[in-house]
$ cat protein_5.txt   # compact mmCIF, C-alpha atoms
# COMPACT_ATOMS: atom_id res chain seq x y z
CA MET A 1 -27.21 -22.13 -19.61
CA LEU A 2 -24.36 -24.54 -20.16
CA ASN A 3 -26.32 -27.76 -20.64
CA ASN A 4 -27.37 -29.24 -23.93
CA SER A 5 -31.10 -29.44 -23.30
CA THR A 6 -33.23 -27.79 -25.93
CA HIS A 7 -36.06 -26.91 -23.59
CA ARG A 8 -35.28 -24.78 -20.55
CA ASN A 9 -37.55 -26.60 -18.14
CA GLU A 10 -36.18 -30.01 -19.01
CA PRO A 11 -33.65 -31.15 -16.38
CA ALA A 12 -30.07 -31.35 -17.64
CA ALA A 13 -28.73 -34.85 -18.22
CA ALA A 14 -25.87 -34.28 -15.75
CA PRO A 15 -24.42 -37.24 -13.83
CA VAL A 16 -25.43 -37.44 -10.17
CA VAL A 17 -22.42 -36.21 -8.14
CA PRO A 18 -22.24 -36.56 -4.36
CA PRO A 19 -21.96 -33.19 -2.55
CA ALA A 20 -18.51 -33.97 -1.08
CA ALA A 21 -17.06 -34.41 -4.57
CA ILE A 22 -18.48 -31.04 -5.65
CA ARG A 23 -16.59 -29.33 -2.84
CA LEU A 24 -13.30 -31.01 -3.84
CA ARG A 25 -13.00 -29.19 -7.13
CA PRO A 26 -9.48 -28.91 -8.58
CA LEU A 27 -7.49 -25.93 -7.32
CA SER A 28 -4.93 -24.00 -9.32
CA PRO A 29 -1.38 -24.73 -8.09
CA ASN A 30 -0.28 -22.70 -5.11
CA ILE A 31 2.62 -20.27 -5.09
CA GLN A 32 5.17 -22.71 -3.60
CA ILE A 33 4.83 -24.99 -6.66
CA TYR A 34 6.44 -22.41 -8.94
CA ARG A 35 10.09 -21.50 -9.30
CA PRO A 36 10.51 -17.85 -8.14
CA GLN A 37 10.69 -15.43 -11.05
CA LEU A 38 11.42 -11.70 -11.16
CA THR A 39 7.76 -10.99 -11.90
CA SER A 40 6.33 -12.99 -9.00
CA VAL A 41 9.07 -11.94 -6.55
CA LEU A 42 8.49 -8.25 -7.36
CA SER A 43 4.73 -8.67 -7.00
CA ILE A 44 5.16 -10.09 -3.49
CA ALA A 45 7.92 -7.57 -2.69
CA ASN A 46 5.56 -4.73 -3.66
CA ARG A 47 3.02 -5.97 -1.12
CA ILE A 48 5.57 -6.57 1.66
CA THR A 49 7.23 -3.17 1.14
CA GLY A 50 3.78 -1.57 1.10
CA VAL A 51 3.06 -3.03 4.53
CA ILE A 52 6.52 -1.95 5.80
CA SER A 53 5.93 1.56 4.42
CA SER A 54 2.59 1.65 6.26
CA ILE A 55 4.43 0.86 9.49
CA GLY A 56 6.91 3.60 8.52
CA THR A 57 4.03 6.06 8.22
CA VAL A 58 2.91 5.13 11.74
CA ALA A 59 6.51 5.83 12.86
CA LEU A 60 6.31 9.21 11.08
CA VAL A 61 3.16 10.06 13.06
CA ALA A 62 4.91 9.00 16.30
CA TRP A 63 7.82 11.29 15.37
CA LEU A 64 5.42 14.21 14.64
CA ALA A 65 3.57 13.56 17.91
CA ALA A 66 6.89 13.60 19.78
CA ALA A 67 7.75 16.93 18.12
CA ALA A 68 4.31 18.31 19.10
CA LEU A 69 4.72 17.15 22.72
CA GLY A 70 7.91 19.15 23.20
CA PRO A 71 11.71 19.07 23.17
CA THR A 72 12.04 16.33 25.82
CA ALA A 73 9.82 13.83 24.00
CA TYR A 74 11.42 14.77 20.68
CA SER A 75 15.01 14.30 21.88
CA GLY A 76 14.00 10.92 23.34
CA PHE A 77 12.61 9.86 19.96
CA GLN A 78 15.67 11.20 18.12
CA GLY A 79 17.88 9.21 20.50
CA GLU A 80 16.07 6.02 19.50
CA ILE A 81 16.51 6.83 15.80
CA ALA A 82 20.22 7.62 16.27
CA SER A 83 20.90 4.24 17.94
CA VAL A 84 22.29 1.37 15.83
CA PRO A 85 18.98 -0.59 15.76
CA GLY A 86 17.18 2.67 14.97
CA GLN A 87 19.47 3.38 12.03
CA VAL A 88 19.11 -0.20 10.71
CA ILE A 89 15.29 0.08 10.91
CA LEU A 90 15.43 3.49 9.23
CA ALA A 91 17.59 2.04 6.42
CA GLY A 92 15.04 -0.76 6.03
CA PHE A 93 12.19 1.76 5.84
CA THR A 94 14.17 3.73 3.22
CA PHE A 95 14.68 0.70 0.97
CA ALA A 96 11.07 -0.49 1.45
CA PHE A 97 9.80 2.99 0.58
CA PHE A 98 11.89 3.29 -2.60
CA LEU A 99 11.02 -0.22 -3.78
CA HIS A 100 7.30 0.37 -3.20
CA LEU A 101 7.57 3.76 -4.94
CA CYS A 102 9.34 2.33 -8.01
CA ALA A 103 7.13 -0.77 -8.19
CA GLY A 104 4.09 1.45 -7.70
CA ILE A 105 5.10 3.67 -10.62
CA ARG A 106 5.50 0.47 -12.71
CA HIS A 107 1.96 -0.50 -11.70
CA LEU A 108 0.62 2.94 -12.64
CA VAL A 109 2.22 2.57 -16.10
CA TRP A 110 0.54 -0.85 -16.43
CA ASP A 111 -2.78 0.79 -15.51
CA THR A 112 -2.45 2.87 -18.68
CA VAL A 113 -2.25 -0.47 -20.61
CA HIS A 114 1.43 -0.02 -21.50
CA GLY A 115 4.50 -2.17 -20.94
CA PHE A 116 2.98 -5.65 -21.00
CA GLU A 117 5.43 -7.17 -23.53
CA LEU A 118 7.43 -9.91 -21.80
CA ARG A 119 10.71 -8.14 -22.64
CA THR A 120 9.40 -4.81 -21.31
CA ILE A 121 8.10 -6.50 -18.14
CA TYR A 122 11.61 -7.79 -17.38
CA ILE A 123 13.33 -4.51 -18.29
CA SER A 124 10.99 -2.51 -16.02
CA GLY A 125 11.31 -5.16 -13.30
CA TRP A 126 15.10 -4.95 -13.19
CA ALA A 127 14.83 -1.15 -13.44
CA VAL A 128 12.70 -1.22 -10.26
CA VAL A 129 15.29 -3.39 -8.47
CA PHE A 130 18.30 -1.27 -9.44
CA ALA A 131 16.54 2.11 -9.05
CA SER A 132 15.36 1.28 -5.52
CA ILE A 133 18.87 0.13 -4.47
CA LEU A 134 20.45 3.20 -6.11
CA LEU A 135 17.96 5.64 -4.54
CA THR A 136 18.47 4.08 -1.09
CA VAL A 137 22.27 4.35 -1.34
CA LEU A 138 21.96 7.89 -2.73
CA ALA A 139 19.60 9.02 0.07
CA TRP A 140 21.92 7.68 2.77
CA ALA A 141 25.06 9.00 1.07
CA ILE A 142 23.54 12.51 0.91
CA SER A 143 22.31 12.25 4.50
CA LEU A 144 25.67 11.04 5.84
CA PHE A 145 28.21 12.92 3.70
CA VAL A 146 26.56 15.98 2.12
CA ILE A 147 24.25 17.34 4.82
CA THR A 148 26.23 18.93 7.65
CA MET B 1 -35.81 -18.99 -27.14
CA ARG B 2 -32.51 -19.03 -25.22
CA ASP B 3 -31.00 -16.15 -23.25
CA ARG B 4 -28.13 -14.31 -24.83
CA THR B 5 -26.17 -14.45 -21.55
CA THR B 6 -23.75 -16.82 -19.86
CA ARG B 7 -25.22 -16.14 -16.42
CA THR B 8 -27.42 -18.78 -14.91
CA ALA B 9 -31.03 -18.04 -14.05
CA LEU B 10 -30.25 -18.55 -10.36
CA ALA B 11 -27.33 -16.09 -10.47
CA ARG B 12 -29.59 -13.49 -12.09
CA ALA B 13 -32.34 -14.15 -9.57
CA ILE B 14 -30.16 -13.59 -6.50
CA GLY B 15 -28.21 -10.74 -8.10
CA LEU B 16 -24.70 -12.16 -7.83
CA GLY B 17 -21.85 -11.06 -10.04
CA SER B 18 -19.85 -7.86 -9.80
CA ALA B 19 -19.61 -6.40 -6.31
CA LYS B 20 -20.60 -3.08 -7.95
CA SER B 21 -18.28 -1.02 -5.77
CA GLY B 22 -14.85 -2.38 -6.78
CA VAL B 23 -14.06 0.39 -9.25
CA GLU B 24 -14.33 3.04 -6.55
CA HIS B 25 -11.83 1.20 -4.34
CA TRP B 26 -9.44 0.58 -7.24
CA TRP B 27 -9.63 4.24 -8.29
CA ALA B 28 -9.08 5.53 -4.71
CA GLU B 29 -5.93 3.40 -4.45
CA ARG B 30 -4.58 4.83 -7.75
CA ILE B 31 -5.43 8.47 -6.97
CA SER B 32 -3.71 8.24 -3.57
CA ALA B 33 -0.73 6.53 -5.25
CA VAL B 34 -0.37 9.34 -7.79
CA ALA B 35 -0.59 11.95 -5.00
CA LEU B 36 2.01 10.09 -2.94
CA VAL B 37 4.69 10.09 -5.67
CA PRO B 38 5.56 13.82 -5.25
CA LEU B 39 4.45 14.05 -1.60
CA SER B 40 6.56 11.14 -0.35
CA LEU B 41 9.61 12.25 -2.36
CA TRP B 42 9.20 15.73 -0.84
CA LEU B 43 9.03 14.19 2.65
CA VAL B 44 12.13 12.02 2.19
CA ALA B 45 14.12 14.90 0.68
CA SER B 46 13.00 17.21 3.53
CA LEU B 47 13.83 14.67 6.24
CA ILE B 48 17.31 14.22 4.76
CA ALA B 49 17.79 18.00 4.49
CA HIS B 50 16.75 18.46 8.15
CA SER B 51 18.49 15.36 9.50
CA ARG B 52 21.22 17.37 11.30
CA ASN B 53 18.87 20.07 12.59
CA GLY B 54 17.86 20.52 16.22
CA TYR B 55 14.40 20.82 17.73
CA ALA B 56 13.98 24.58 17.26
CA GLU B 57 14.95 24.44 13.56
CA LEU B 58 12.60 21.50 12.98
CA ILE B 59 9.67 23.33 14.61
CA GLY B 60 10.52 26.42 12.55
CA TRP B 61 10.27 24.32 9.39
CA LEU B 62 7.02 22.61 10.48
CA LYS B 63 5.48 26.02 11.29
CA THR B 64 5.69 27.25 7.69
CA PRO B 65 2.29 27.05 5.91
CA ALA B 66 3.70 25.10 2.95
CA THR B 67 5.13 22.40 5.23
CA ALA B 68 1.91 22.12 7.26
CA ILE B 69 -0.25 21.87 4.12
CA LEU B 70 2.00 19.29 2.44
CA MET B 71 2.28 17.25 5.67
CA VAL B 72 -1.50 17.10 6.13
CA LEU B 73 -1.96 16.16 2.45
CA LEU B 74 0.74 13.51 2.81
CA LEU B 75 -0.92 11.98 5.89
CA ILE B 76 -4.37 11.91 4.24
CA ALA B 77 -2.98 10.30 1.06
CA SER B 78 -0.77 7.87 3.04
CA PHE B 79 -3.46 6.51 5.29
CA HIS B 80 -6.02 6.37 2.50
CA HIS B 81 -3.49 4.38 0.46
CA THR B 82 -2.64 2.20 3.47
CA ALA B 83 -6.31 1.49 4.19
CA THR B 84 -7.09 0.57 0.56
CA GLY B 85 -3.84 -1.35 0.00
CA ILE B 86 -3.81 -3.48 3.15
CA ARG B 87 -7.52 -4.15 2.67
CA VAL B 88 -6.68 -5.96 -0.59
CA ILE B 89 -4.10 -8.09 1.25
CA ILE B 90 -6.62 -8.93 4.00
CA GLU B 91 -9.26 -9.85 1.43
CA ASP B 92 -6.77 -12.10 -0.37
CA TYR B 93 -5.56 -14.04 2.67
CA VAL B 94 -8.23 -13.88 5.38
CA HIS B 95 -11.11 -16.13 4.40
CA SER B 96 -12.88 -16.66 7.71
CA SER B 97 -15.32 -14.32 9.44
CA TRP B 98 -12.21 -12.52 10.77
CA ARG B 99 -12.05 -10.77 7.41
CA PHE B 100 -14.82 -8.35 8.37
CA ALA B 101 -13.19 -7.63 11.75
CA ALA B 102 -9.75 -7.17 10.18
CA VAL B 103 -11.01 -4.71 7.53
CA ALA B 104 -13.01 -2.76 10.12
CA LEU B 105 -10.00 -2.61 12.47
CA LEU B 106 -7.74 -1.50 9.62
CA GLN B 107 -10.07 1.36 8.69
CA LEU B 108 -10.53 2.48 12.30
CA LEU B 109 -6.78 2.33 13.05
CA SER B 110 -5.65 4.05 9.85
CA THR B 111 -8.14 6.87 10.40
CA ALA B 112 -7.11 7.22 14.07
CA VAL B 113 -3.37 7.34 13.33
CA ALA B 114 -3.92 9.85 10.51
CA VAL B 115 -5.93 12.11 12.85
CA VAL B 116 -3.19 11.92 15.52
CA GLY B 117 -0.64 13.01 12.92
CA ILE B 118 -2.81 15.84 11.60
CA VAL B 119 -3.52 17.15 15.12
CA ALA B 120 0.24 17.03 15.88
CA ILE B 121 0.98 19.12 12.78
CA LEU B 122 -1.81 21.60 13.56
CA LYS B 123 -0.65 21.93 17.17
CA ILE B 124 2.89 22.74 16.03
CA PHE B 125 1.57 25.08 13.33
CA PHE B 126 -0.76 27.07 15.61
CA ALA B 127 0.93 26.78 19.00
CA GLY B 128 4.49 25.62 18.49

$ encode --input "protein_5.txt" --output "structure tokens"
Amino acid sequence: MLNNSTHRNEPAAAPVVPPAAIRLRPLSPNIQIYRPQLTSVLSIANRITGVISSIGTVALVAWLAAAALGPTAYSGFQGEIASVPGQVILAGFTFAFFLHLCAGIRHLVWDTVHGFELRTIYISGWAVVFASILLTVLAWAISLFVIT
Amino acid sequence: MRDRTTRTALARAIGLGSAKSGVEHWWAERISAVALVPLSLWLVASLIAHSRNGYAELIGWLKTPATAILMVLLLIASFHHTATGIRVIIEDYVHSSWRFAAVALLQLLSTAVAVVGIVAILKIFFAG
């Protein structure tokens, strides 16, 4: 009990507040108040890339279903992927996947109660940014220039 | 004598407090995340390796037991992770009664899409 009454059954000497004022309790500032920081941007990016990766998984199932339906359906699907919009979407999925993977690994490390020093948070944050860019470029470079 | 608790008598009476099932959800999201680290890297590496292959070569690869097993595991982990992850986003941003509908729809859809993918893999594996 958070009142100062000594006896439990005695009503608390709280001021009478109209119900409307109770509902208008102060809120913590919303996200648009703050200047974007690496930490907050990566937190939101992890969510957005997670949603994009989920859509990518649905695309993977569509691709598998096309392969199961037969060569005609599969070549139709492959034609869509090979088109310019298809390649741009695939590149977007690749980057979203790698960012969500790297940010997810950072989260799993945090779950072990490690890496919460402010300096470490920023080092791991920039590591996520650069690793996901590097892995995306590497994946596409191998796909375009190494695989024949 | 005063209670040695910060909870109010009313809160205790109506049993509010922890939802009592949050840990299970949190744990499921982490387990699927850990499984997806090797599985998703395997998928991306395989898709790159097979990117120039035709239909027959792709089916040949999908027909190997290792590929079928890893693909089914990947789909189960992916859609479990999707269902738990997007549920958190829905619960953070949908405050109306649509929340229940959105979570239910998410779970139905993620299960349905996962089953479509698994059946596709099994069809290729057993029939070709």

$ closest_atom_pairs --input "protein_5.txt" --of "chain B" --to "chain A" --cutoff "10 Å" --atoms "all atoms listed in the file" --output "CSV"
residue,atom,partner,partner_atom,distance
B:Met1,CA,A:His7,CA,8.7
B:Arg2,CA,A:Arg8,CA,7.9
B:Asp3,CA,A:Met1,CA,8.0
B:Arg4,CA,A:Met1,CA,9.4
B:Thr5,CA,A:Met1,CA,8.0
B:Thr6,CA,A:Met1,CA,6.3
B:Arg7,CA,A:Met1,CA,7.1
B:Thr8,CA,A:Met1,CA,5.8
B:Ala9,CA,A:Met1,CA,7.9
B:Arg30,CA,A:Leu108,CA,7.4
B:Ile31,CA,A:Leu108,CA,10.0
B:Ala33,CA,A:Gly104,CA,7.4
B:Val34,CA,A:Leu108,CA,8.1
B:Leu36,CA,A:Leu101,CA,8.7
B:Val37,CA,A:Leu101,CA,7.0
B:Ser40,CA,A:Leu101,CA,8.7
B:Leu41,CA,A:Leu101,CA,9.1
B:Val44,CA,A:Ala139,CA,8.3
B:Ala45,CA,A:Ala139,CA,8.1
B:Leu47,CA,A:Ser143,CA,9.0
B:Ile48,CA,A:Ser143,CA,5.4
B:Ala49,CA,A:Ile147,CA,6.5
B:His50,CA,A:Ile147,CA,8.3
B:Ser51,CA,A:Ser143,CA,7.0
B:Arg52,CA,A:Thr148,CA,6.4
B:Asn53,CA,A:Thr148,CA,8.9
B:Gly54,CA,A:Ser75,CA,8.9
B:Tyr55,CA,A:Pro71,CA,6.3
B:Ala56,CA,A:Pro71,CA,8.4
B:Leu58,CA,A:Ala67,CA,8.4
B:Ile59,CA,A:Ala67,CA,7.5
B:Leu62,CA,A:Leu64,CA,9.5
B:Met71,CA,A:Leu64,CA,10.0
B:Leu74,CA,A:Thr57,CA,9.8
B:Leu75,CA,A:Thr57,CA,8.1
B:Ser78,CA,A:Thr57,CA,7.3
B:Phe79,CA,A:Ser54,CA,7.8
B:His81,CA,A:Ser54,CA,8.8
B:Thr82,CA,A:Ser54,CA,6.0
B:Ala83,CA,A:Ser54,CA,9.1
B:Gly85,CA,A:Gly50,CA,7.7
B:Ile86,CA,A:Val51,CA,7.0
B:Val88,CA,A:Arg47,CA,9.7
B:Ile89,CA,A:Arg47,CA,7.8
B:Ser110,CA,A:Val58,CA,8.8
B:Val113,CA,A:Val58,CA,6.8
B:Ala114,CA,A:Val61,CA,7.5
B:Val115,CA,A:Val61,CA,9.3
B:Val116,CA,A:Val61,CA,7.1
B:Gly117,CA,A:Val61,CA,4.8
B:Ile118,CA,A:Val61,CA,8.4
B:Val119,CA,A:Ala65,CA,8.4
B:Ala120,CA,A:Ala65,CA,5.2
B:Ile121,CA,A:Leu64,CA,6.9
B:Leu122,CA,A:Ala68,CA,8.9
B:Lys123,CA,A:Ala68,CA,6.4
B:Ile124,CA,A:Ala68,CA,5.6
B:Phe125,CA,A:Ala68,CA,9.3
B:Ala127,CA,A:Ala68,CA,9.1
B:Gly128,CA,A:Ala68,CA,7.3

$ atom_distance --input "protein_5.txt" --atom1 "atom CA of A:Ile133" --atom2 "atom CA of A:Val84"
20.6 Å

$ atom_distance --input "protein_5.txt" --atom1 "atom CA of B:Trp27" --atom2 "atom CA of A:Phe93"
26.1 Å

$ closest_residue --input "protein_5.txt" --among "A:Leu90, A:Ala73, A:Ala103, A:Ile44" --to "A:Ser132" --atoms "all atoms listed in the file"
A:Ala103

$ atom_distance --input "protein_5.txt" --atom1 "atom CA of B:Trp42" --atom2 "atom CA of B:Thr67"
9.9 Å

$ closest_residue --input "protein_5.txt" --among "B:Val94, B:Phe126, B:Arg99, B:Thr84" --to "B:Gly22" --atoms "all atoms listed in the file"
B:Thr84

$ residues_around --input "protein_5.txt" --residues "stretch 120-131 of chain A" --least-positions-apart "3" --cutoff "9 Å" --atoms "all atoms listed in the file" --output "list in words"
Leu38, Thr39, Leu42, Phe98, Leu99, Leu101, Cys102, Ala103, Arg106, Gly115, Phe116, Glu117, Leu134, Leu135 and Thr136 of chain A

$ closest_residue --input "protein_5.txt" --among "B:Ala102, B:Leu108, B:Leu70, B:Ile90" --to "B:Ala35" --atoms "only C-alpha atoms"
B:Leu70
